[in-house]
Amino acid sequence: MAPTRNARMIFNSVPTGYPVPGKTTVYDTTQTIDIENAPLAGGFVLKTLVLSIDPYLRGRMRDPNDKSYAPPFMLGESMASHGVGVVVRSENANVKVGSHVYGVMAHQEYSVFKDLKSQGLMVIENKERLPWSVYVGAAGMPGQTAYYAWKEYSKAKKGEIAFVTTGGGMSRRIVSFDHPSVIKSKKFTLIASLVIQLAKLDGLKVIASAGSDEKVMFMKSIGADVAFNYKTTSTAQVLEREGPIDVYWDNVGGEMLEAALEGANAGARFIVRSSFFSFFLFETKRTHQLRVTGMWHDLRY
């Protein structure tokens, strides 16, 4: 069999601000793979079907000397994220040809893996016949983040009030290797919008914010009791009218966090998920005292 193209998305340069396609990342078609004859050493060849492009990947686009919770991408190498692929050749008795596999994989058309366990991969049976893209969305890492964080930290009680930021989610994408632009836009239900639904299932009143009227309509459609566009409506006024809040799901920090602190009930739980950088976008002399795991801490921002 003739070698097959193995297109990939390369991390090309460390960005300042937003990544720039063609500069930060480069689409490379120079590599090939001989699927039938590539040495596997007991492993298997996986053909990539879908890959998730998530906000946290921006944090991996950094200088290797900058420490963080996730390892940095290496310049000149393929990026990586959660995805789903199908096995096209195997020398592993536990991985059959035709099986679908989920886990972290390189942003390239084909990859060779040694086994499942050491690579953090798992076979998906998909008895429900869901689209494979669901496994990098609601049934994948974003859904797991929403579910476990909410269940572990919200301590939700029926009748309480939750405030969820970025409840309309962001435009997420899946990777296609059939065109040099590589990325095809496709919206998914993301973490905060799943939190809205989890809160409603627990019997809470949900206040949710987003940055467009389209997303406000979406949040209402999935059950938010109060949905508003924070760009055109005062967050503080909404919380004063609809609160006080008992659970706050924070994706943005900054002025939104300040409004939540002012509008919180005694004993409110704050689940601070990401976007810590936005804390530094706002200057204020205010200091809020929070009780965290039995200890008093001053939160200055």
# chains A, B, ... in the order shown; residues from 1 in each chain; ligands from 1
$ select_by_dssp --residues "region 41-192 of chain A" --states "alpha helix (DSSP H)" --output "list of chain:residue names"
A:Leu57, A:Arg58, A:Gly59, A:Arg60, A:Met141, A:Pro142, A:Gly143, A:Gln144, A:Thr145, A:Ala146, A:Tyr147, A:Tyr148, A:Ala149, A:Trp150, A:Lys151, A:Glu152, A:Tyr153, A:Ile191, A:Ala192
$ residues_around --residues "region 119-126 of chain A" --least-positions-apart "6" --cutoff "6 Å" --atoms "only C-alpha atoms" --output "count of residues only"
4
$ atom_distance --atom1 "CA of Val87 (chain A)" --atom2 "CA of Ser99 (chain A)"
5.5 Å
$ closest_atom_pairs --of "region 114-225 of chain A" --to "region 31-45 of chain A" --cutoff "10 Å" --atoms "only C-alpha atoms" --output "CSV"
residue,atom,partner,partner_atom,distance
A:Lys114,CA,A:Gly43,CA,4.1
A:Asp115,CA,A:Gly43,CA,5.6
A:Leu116,CA,A:Gly43,CA,8.9
$ atom_distance --atom1 "CA of Ser154 (chain A)" --atom2 "CA of Gly203 (chain A)"
12.6 Å
$ residues_around --residues "Trp150 (chain A)" --least-positions-apart "2" --cutoff "12 Å" --atoms "only C-alpha atoms" --output "JSON, numbers by chain"
{"A": [143, 144, 145, 146, 147, 148, 152, 153, 154, 155, 156, 157, 162, 164, 191, 192, 194, 195, 196, 197, 198, 199, 200, 201, 202, 247, 248, 249, 250, 269, 270, 271, 272, 273]}
$ select_by_dssp --residues "region 27-275 of chain A" --states "strand (DSSP E)" --output "PyMOL selection string"
chain A and resi 27-28+32-33+44-53+80-90+100-106+110-113+122-124+161-164+173-175+183-185+205-210+226-229+245-250+264-272
$ closest_residue --among "A:Gly159, A:Gly76, A:Pro15, A:Pro55" --to "Pro142 (chain A)" --atoms "only C-alpha atoms"
A:Pro55
$ closest_residue --among "A:Leu51, A:Ala138, A:Met61, A:Ala7" --to "Thr24 (chain A)" --atoms "only C-alpha atoms"
A:Met61
$ closest_atom_pairs --of "region 82-196 of chain A" --to "region 223-243 of chain A" --cutoff "10 Å" --atoms "only C-alpha atoms" --output "CSV"
residue,atom,partner,partner_atom,distance
A:Glu160,CA,A:Gly243,CA,9.5
A:Ile161,CA,A:Gly243,CA,6.9
A:Ala162,CA,A:Gly243,CA,8.7
A:Phe163,CA,A:Leu239,CA,8.5
A:Val164,CA,A:Ala224,CA,9.3
A:Thr165,CA,A:Tyr230,CA,9.3
A:Thr166,CA,A:Tyr230,CA,9.6
A:Gly167,CA,A:Ala227,CA,8.6
A:Gly168,CA,A:Ala227,CA,9.5
A:Ser193,CA,A:Ala224,CA,9.2
A:Ile196,CA,A:Ala224,CA,6.5
$ write_last_selection --atoms "all heavy atoms" --output "short mmCIF file (atom, residue, chain, number, x, y, z; two decimals), in the first residue's frame"
data_model
loop_
_atom_site.label_atom_id
_atom_site.label_comp_id
_atom_site.auth_asym_id
_atom_site.auth_seq_id
_atom_site.Cartn_x
_atom_site.Cartn_y
_atom_site.Cartn_z
N GLU A 160 -32.65 26.88 46.35
CA GLU A 160 -31.59 27.87 46.36
C GLU A 160 -31.48 28.56 45.00
O GLU A 160 -32.15 28.19 44.03
CB GLU A 160 -30.26 27.21 46.75
CG GLU A 160 -30.18 26.79 48.20
CD GLU A 160 -28.79 26.34 48.60
OE1 GLU A 160 -28.09 25.70 47.78
OE2 GLU A 160 -28.39 26.62 49.76
N ILE A 161 -30.58 29.55 44.96
CA ILE A 161 -30.40 30.32 43.73
C ILE A 161 -28.95 30.19 43.27
O ILE A 161 -28.02 30.38 44.05
CB ILE A 161 -30.74 31.81 43.95
CG1 ILE A 161 -32.19 31.96 44.39
CG2 ILE A 161 -30.49 32.62 42.67
CD1 ILE A 161 -32.58 33.38 44.77
N ALA A 162 -28.77 29.85 42.00
CA ALA A 162 -27.44 29.74 41.40
C ALA A 162 -27.26 30.81 40.34
O ALA A 162 -28.20 31.16 39.63
CB ALA A 162 -27.25 28.36 40.78
N PHE A 163 -26.04 31.32 40.26
CA PHE A 163 -25.68 32.28 39.21
C PHE A 163 -24.55 31.66 38.39
O PHE A 163 -23.50 31.31 38.93
CB PHE A 163 -25.24 33.60 39.82
CG PHE A 163 -24.74 34.62 38.82
CD1 PHE A 163 -25.26 34.70 37.54
CD2 PHE A 163 -23.72 35.51 39.19
CE1 PHE A 163 -24.79 35.63 36.63
CE2 PHE A 163 -23.25 36.45 38.28
CZ PHE A 163 -23.78 36.51 37.00
N VAL A 164 -24.77 31.50 37.09
CA VAL A 164 -23.82 30.85 36.19
C VAL A 164 -23.37 31.83 35.12
O VAL A 164 -24.19 32.38 34.39
CB VAL A 164 -24.45 29.61 35.52
CG1 VAL A 164 -23.44 28.93 34.59
CG2 VAL A 164 -24.97 28.63 36.57
N THR A 165 -22.06 32.07 35.03
CA THR A 165 -21.53 32.95 33.99
C THR A 165 -21.17 32.17 32.75
O THR A 165 -20.95 30.95 32.81
CB THR A 165 -20.30 33.72 34.48
OG1 THR A 165 -19.28 32.78 34.85
CG2 THR A 165 -20.64 34.58 35.69
N THR A 166 -21.06 32.84 31.62
CA THR A 166 -20.82 32.25 30.30
C THR A 166 -21.76 31.07 30.05
O THR A 166 -21.36 30.05 29.52
CB THR A 166 -19.35 31.82 30.10
OG1 THR A 166 -19.02 30.77 31.01
CG2 THR A 166 -18.41 32.98 30.29
N GLY A 167 -23.01 31.25 30.46
CA GLY A 167 -23.97 30.15 30.37
C GLY A 167 -24.34 29.75 28.96
O GLY A 167 -24.89 28.67 28.73
N GLY A 168 -24.05 30.62 27.99
CA GLY A 168 -24.33 30.28 26.60
C GLY A 168 -23.20 29.54 25.93
O GLY A 168 -23.30 29.13 24.78
N SER A 193 -23.21 25.79 30.28
CA SER A 193 -24.59 25.49 29.89
C SER A 193 -25.05 24.15 30.45
O SER A 193 -26.24 23.96 30.75
CB SER A 193 -24.75 25.53 28.37
OG SER A 193 -23.86 24.63 27.74
N ILE A 196 -26.07 24.87 34.07
CA ILE A 196 -27.44 25.38 34.16
C ILE A 196 -28.43 24.24 34.28
O ILE A 196 -29.33 24.23 35.13
CB ILE A 196 -27.77 26.24 32.92
CG1 ILE A 196 -26.98 27.55 32.94
CG2 ILE A 196 -29.28 26.54 32.85
CD1 ILE A 196 -27.13 28.38 31.68
#
$ atom_distance --atom1 "CA of Lys47 (chain A)" --atom2 "CA of Arg8 (chain A)"
12.1 Å
$ decode --residues "region 226-263 of chain A" --atoms "N, CA, C and O atoms" --output "PDB file, in the first residue's frame"
ATOM      1  N   VAL A 226     -33.630  33.144  34.796  1.00  0.00           N
ATOM      2  CA  VAL A 226     -33.304  34.536  34.488  1.00  0.00           C
ATOM      3  C   VAL A 226     -32.050  34.522  33.632  1.00  0.00           C
ATOM      4  O   VAL A 226     -30.991  34.063  34.079  1.00  0.00           O
ATOM      5  N   ALA A 227     -32.145  34.983  32.405  1.00  0.00           N
ATOM      6  CA  ALA A 227     -30.999  35.023  31.506  1.00  0.00           C
ATOM      7  C   ALA A 227     -30.825  36.448  31.000  1.00  0.00           C
ATOM      8  O   ALA A 227     -31.794  37.106  30.628  1.00  0.00           O
ATOM      9  N   PHE A 228     -29.578  36.935  31.001  1.00  0.00           N
ATOM     10  CA  PHE A 228     -29.356  38.306  30.572  1.00  0.00           C
ATOM     11  C   PHE A 228     -28.023  38.471  29.861  1.00  0.00           C
ATOM     12  O   PHE A 228     -27.102  37.665  30.033  1.00  0.00           O
ATOM     13  N   ASN A 229     -27.945  39.528  29.064  1.00  0.00           N
ATOM     14  CA  ASN A 229     -26.740  39.895  28.334  1.00  0.00           C
ATOM     15  C   ASN A 229     -25.955  40.875  29.202  1.00  0.00           C
ATOM     16  O   ASN A 229     -26.382  42.015  29.402  1.00  0.00           O
ATOM     17  N   TYR A 230     -24.818  40.440  29.724  1.00  0.00           N
ATOM     18  CA  TYR A 230     -24.068  41.281  30.659  1.00  0.00           C
ATOM     19  C   TYR A 230     -23.491  42.524  29.986  1.00  0.00           C
ATOM     20  O   TYR A 230     -23.101  43.477  30.662  1.00  0.00           O
ATOM     21  N   LYS A 231     -23.453  42.531  28.649  1.00  0.00           N
ATOM     22  CA  LYS A 231     -22.922  43.690  27.938  1.00  0.00           C
ATOM     23  C   LYS A 231     -23.932  44.838  27.888  1.00  0.00           C
ATOM     24  O   LYS A 231     -23.552  45.995  27.707  1.00  0.00           O
ATOM     25  N   THR A 232     -25.205  44.504  28.033  1.00  0.00           N
ATOM     26  CA  THR A 232     -26.243  45.522  27.936  1.00  0.00           C
ATOM     27  C   THR A 232     -27.062  45.664  29.216  1.00  0.00           C
ATOM     28  O   THR A 232     -27.901  46.558  29.307  1.00  0.00           O
ATOM     29  N   THR A 233     -26.830  44.780  30.186  1.00  0.00           N
ATOM     30  CA  THR A 233     -27.594  44.782  31.438  1.00  0.00           C
ATOM     31  C   THR A 233     -26.640  44.730  32.619  1.00  0.00           C
ATOM     32  O   THR A 233     -25.646  44.002  32.579  1.00  0.00           O
ATOM     33  N   SER A 234     -26.939  45.473  33.658  1.00  0.00           N
ATOM     34  CA  SER A 234     -26.098  45.503  34.851  1.00  0.00           C
ATOM     35  C   SER A 234     -26.216  44.204  35.633  1.00  0.00           C
ATOM     36  O   SER A 234     -27.306  43.831  36.082  1.00  0.00           O
ATOM     37  N   THR A 235     -25.095  43.523  35.799  1.00  0.00           N
ATOM     38  CA  THR A 235     -25.081  42.285  36.573  1.00  0.00           C
ATOM     39  C   THR A 235     -25.493  42.548  38.015  1.00  0.00           C
ATOM     40  O   THR A 235     -26.287  41.805  38.595  1.00  0.00           O
ATOM     41  N   ALA A 236     -24.971  43.616  38.590  1.00  0.00           N
ATOM     42  CA  ALA A 236     -25.283  43.938  39.986  1.00  0.00           C
ATOM     43  C   ALA A 236     -26.778  44.167  40.182  1.00  0.00           C
ATOM     44  O   ALA A 236     -27.366  43.706  41.170  1.00  0.00           O
ATOM     45  N   GLN A 237     -27.408  44.845  39.250  1.00  0.00           N
ATOM     46  CA  GLN A 237     -28.842  45.107  39.359  1.00  0.00           C
ATOM     47  C   GLN A 237     -29.655  43.831  39.234  1.00  0.00           C
ATOM     48  O   GLN A 237     -30.652  43.639  39.947  1.00  0.00           O
ATOM     49  N   VAL A 238     -29.233  42.936  38.337  1.00  0.00           N
ATOM     50  CA  VAL A 238     -29.944  41.662  38.182  1.00  0.00           C
ATOM     51  C   VAL A 238     -29.852  40.848  39.466  1.00  0.00           C
ATOM     52  O   VAL A 238     -30.855  40.303  39.946  1.00  0.00           O
ATOM     53  N   LEU A 239     -28.665  40.775  40.055  1.00  0.00           N
ATOM     54  CA  LEU A 239     -28.487  39.984  41.273  1.00  0.00           C
ATOM     55  C   LEU A 239     -29.211  40.613  42.458  1.00  0.00           C
ATOM     56  O   LEU A 239     -29.730  39.906  43.325  1.00  0.00           O
ATOM     57  N   GLU A 240     -29.264  41.927  42.497  1.00  0.00           N
ATOM     58  CA  GLU A 240     -29.991  42.603  43.571  1.00  0.00           C
ATOM     59  C   GLU A 240     -31.484  42.305  43.470  1.00  0.00           C
ATOM     60  O   GLU A 240     -32.163  42.099  44.485  1.00  0.00           O
ATOM     61  N   ARG A 241     -31.972  42.238  42.257  1.00  0.00           N
ATOM     62  CA  ARG A 241     -33.400  41.991  42.034  1.00  0.00           C
ATOM     63  C   ARG A 241     -33.760  40.506  42.190  1.00  0.00           C
ATOM     64  O   ARG A 241     -34.819  40.159  42.741  1.00  0.00           O
ATOM     65  N   GLU A 242     -32.900  39.609  41.716  1.00  0.00           N
ATOM     66  CA  GLU A 242     -33.232  38.176  41.643  1.00  0.00           C
ATOM     67  C   GLU A 242     -32.562  37.343  42.731  1.00  0.00           C
ATOM     68  O   GLU A 242     -32.943  36.192  42.924  1.00  0.00           O
ATOM     69  N   GLY A 243     -31.577  37.892  43.427  1.00  0.00           N
ATOM     70  CA  GLY A 243     -30.825  37.136  44.435  1.00  0.00           C
ATOM     71  C   GLY A 243     -31.446  37.232  45.802  1.00  0.00           C
ATOM     72  O   GLY A 243     -32.635  37.512  45.919  1.00  0.00           O
ATOM     73  N   PRO A 244     -30.659  37.006  46.866  1.00  0.00           N
ATOM     74  CA  PRO A 244     -29.216  36.737  46.841  1.00  0.00           C
ATOM     75  C   PRO A 244     -28.893  35.327  46.363  1.00  0.00           C
ATOM     76  O   PRO A 244     -29.728  34.427  46.464  1.00  0.00           O
ATOM     77  N   ILE A 245     -27.677  35.141  45.878  1.00  0.00           N
ATOM     78  CA  ILE A 245     -27.303  33.860  45.296  1.00  0.00           C
ATOM     79  C   ILE A 245     -26.643  32.950  46.335  1.00  0.00           C
ATOM     80  O   ILE A 245     -25.998  33.409  47.266  1.00  0.00           O
ATOM     81  N   ASP A 246     -26.835  31.643  46.135  1.00  0.00           N
ATOM     82  CA  ASP A 246     -26.281  30.637  47.044  1.00  0.00           C
ATOM     83  C   ASP A 246     -25.114  29.867  46.418  1.00  0.00           C
ATOM     84  O   ASP A 246     -24.262  29.331  47.132  1.00  0.00           O
ATOM     85  N   VAL A 247     -25.104  29.779  45.087  1.00  0.00           N
ATOM     86  CA  VAL A 247     -24.027  29.097  44.374  1.00  0.00           C
ATOM     87  C   VAL A 247     -23.620  29.967  43.200  1.00  0.00           C
ATOM     88  O   VAL A 247     -24.465  30.464  42.453  1.00  0.00           O
ATOM     89  N   TYR A 248     -22.308  30.174  43.054  1.00  0.00           N
ATOM     90  CA  TYR A 248     -21.806  30.969  41.932  1.00  0.00           C
ATOM     91  C   TYR A 248     -20.819  30.138  41.127  1.00  0.00           C
ATOM     92  O   TYR A 248     -19.829  29.641  41.661  1.00  0.00           O
ATOM     93  N   TRP A 249     -21.103  29.981  39.844  1.00  0.00           N
ATOM     94  CA  TRP A 249     -20.201  29.279  38.929  1.00  0.00           C
ATOM     95  C   TRP A 249     -19.449  30.344  38.135  1.00  0.00           C
ATOM     96  O   TRP A 249     -20.009  31.016  37.284  1.00  0.00           O
ATOM     97  N   ASP A 250     -18.151  30.485  38.433  1.00  0.00           N
ATOM     98  CA  ASP A 250     -17.376  31.589  37.880  1.00  0.00           C
ATOM     99  C   ASP A 250     -16.474  31.147  36.738  1.00  0.00           C
ATOM    100  O   ASP A 250     -15.622  30.283  36.908  1.00  0.00           O
ATOM    101  N   ASN A 251     -16.649  31.761  35.582  1.00  0.00           N
ATOM    102  CA  ASN A 251     -15.778  31.525  34.441  1.00  0.00           C
ATOM    103  C   ASN A 251     -15.000  32.769  34.030  1.00  0.00           C
ATOM    104  O   ASN A 251     -14.206  32.701  33.096  1.00  0.00           O
ATOM    105  N   VAL A 252     -15.265  33.900  34.673  1.00  0.00           N
ATOM    106  CA  VAL A 252     -14.734  35.155  34.144  1.00  0.00           C
ATOM    107  C   VAL A 252     -13.966  36.014  35.141  1.00  0.00           C
ATOM    108  O   VAL A 252     -13.098  36.794  34.757  1.00  0.00           O
ATOM    109  N   GLY A 253     -14.285  35.931  36.435  1.00  0.00           N
ATOM    110  CA  GLY A 253     -13.613  36.771  37.414  1.00  0.00           C
ATOM    111  C   GLY A 253     -13.981  38.234  37.256  1.00  0.00           C
ATOM    112  O   GLY A 253     -15.063  38.585  36.780  1.00  0.00           O
ATOM    113  N   GLY A 254     -13.081  39.116  37.670  1.00  0.00           N
ATOM    114  CA  GLY A 254     -13.234  40.540  37.455  1.00  0.00           C
ATOM    115  C   GLY A 254     -14.505  41.141  38.013  1.00  0.00           C
ATOM    116  O   GLY A 254     -14.933  40.850  39.129  1.00  0.00           O
ATOM    117  N   GLU A 255     -15.127  42.040  37.248  1.00  0.00           N
ATOM    118  CA  GLU A 255     -16.311  42.761  37.688  1.00  0.00           C
ATOM    119  C   GLU A 255     -17.492  41.822  37.962  1.00  0.00           C
ATOM    120  O   GLU A 255     -18.313  42.090  38.830  1.00  0.00           O
ATOM    121  N   MET A 256     -17.572  40.723  37.208  1.00  0.00           N
ATOM    122  CA  MET A 256     -18.648  39.764  37.429  1.00  0.00           C
ATOM    123  C   MET A 256     -18.507  39.104  38.796  1.00  0.00           C
ATOM    124  O   MET A 256     -19.475  38.935  39.531  1.00  0.00           O
ATOM    125  N   LEU A 257     -17.285  38.749  39.146  1.00  0.00           N
ATOM    126  CA  LEU A 257     -17.029  38.177  40.458  1.00  0.00           C
ATOM    127  C   LEU A 257     -17.351  39.186  41.557  1.00  0.00           C
ATOM    128  O   LEU A 257     -17.921  38.836  42.595  1.00  0.00           O
ATOM    129  N   GLU A 258     -16.980  40.436  41.343  1.00  0.00           N
ATOM    130  CA  GLU A 258     -17.268  41.468  42.332  1.00  0.00           C
ATOM    131  C   GLU A 258     -18.771  41.588  42.578  1.00  0.00           C
ATOM    132  O   GLU A 258     -19.229  41.667  43.724  1.00  0.00           O
ATOM    133  N   ALA A 259     -19.550  41.576  41.493  1.00  0.00           N
ATOM    134  CA  ALA A 259     -21.004  41.657  41.626  1.00  0.00           C
ATOM    135  C   ALA A 259     -21.557  40.443  42.369  1.00  0.00           C
ATOM    136  O   ALA A 259     -22.476  40.557  43.188  1.00  0.00           O
ATOM    137  N   ALA A 260     -20.981  39.260  42.087  1.00  0.00           N
ATOM    138  CA  ALA A 260     -21.433  38.041  42.756  1.00  0.00           C
ATOM    139  C   ALA A 260     -21.127  38.083  44.245  1.00  0.00           C
ATOM    140  O   ALA A 260     -21.935  37.656  45.078  1.00  0.00           O
ATOM    141  N   LEU A 261     -19.952  38.592  44.604  1.00  0.00           N
ATOM    142  CA  LEU A 261     -19.592  38.717  46.016  1.00  0.00           C
ATOM    143  C   LEU A 261     -20.551  39.650  46.748  1.00  0.00           C
ATOM    144  O   LEU A 261     -20.963  39.379  47.881  1.00  0.00           O
ATOM    145  N   GLU A 262     -20.904  40.734  46.092  1.00  0.00           N
ATOM    146  CA  GLU A 262     -21.836  41.683  46.706  1.00  0.00           C
ATOM    147  C   GLU A 262     -23.240  41.091  46.818  1.00  0.00           C
ATOM    148  O   GLU A 262     -23.992  41.416  47.742  1.00  0.00           O
ATOM    149  N   GLY A 263     -23.582  40.217  45.859  1.00  0.00           N
ATOM    150  CA  GLY A 263     -24.943  39.686  45.826  1.00  0.00           C
ATOM    151  C   GLY A 263     -25.089  38.301  46.400  1.00  0.00           C
ATOM    152  O   GLY A 263     -26.103  37.634  46.169  1.00  0.00           O
TER     153      GLY A 263
END
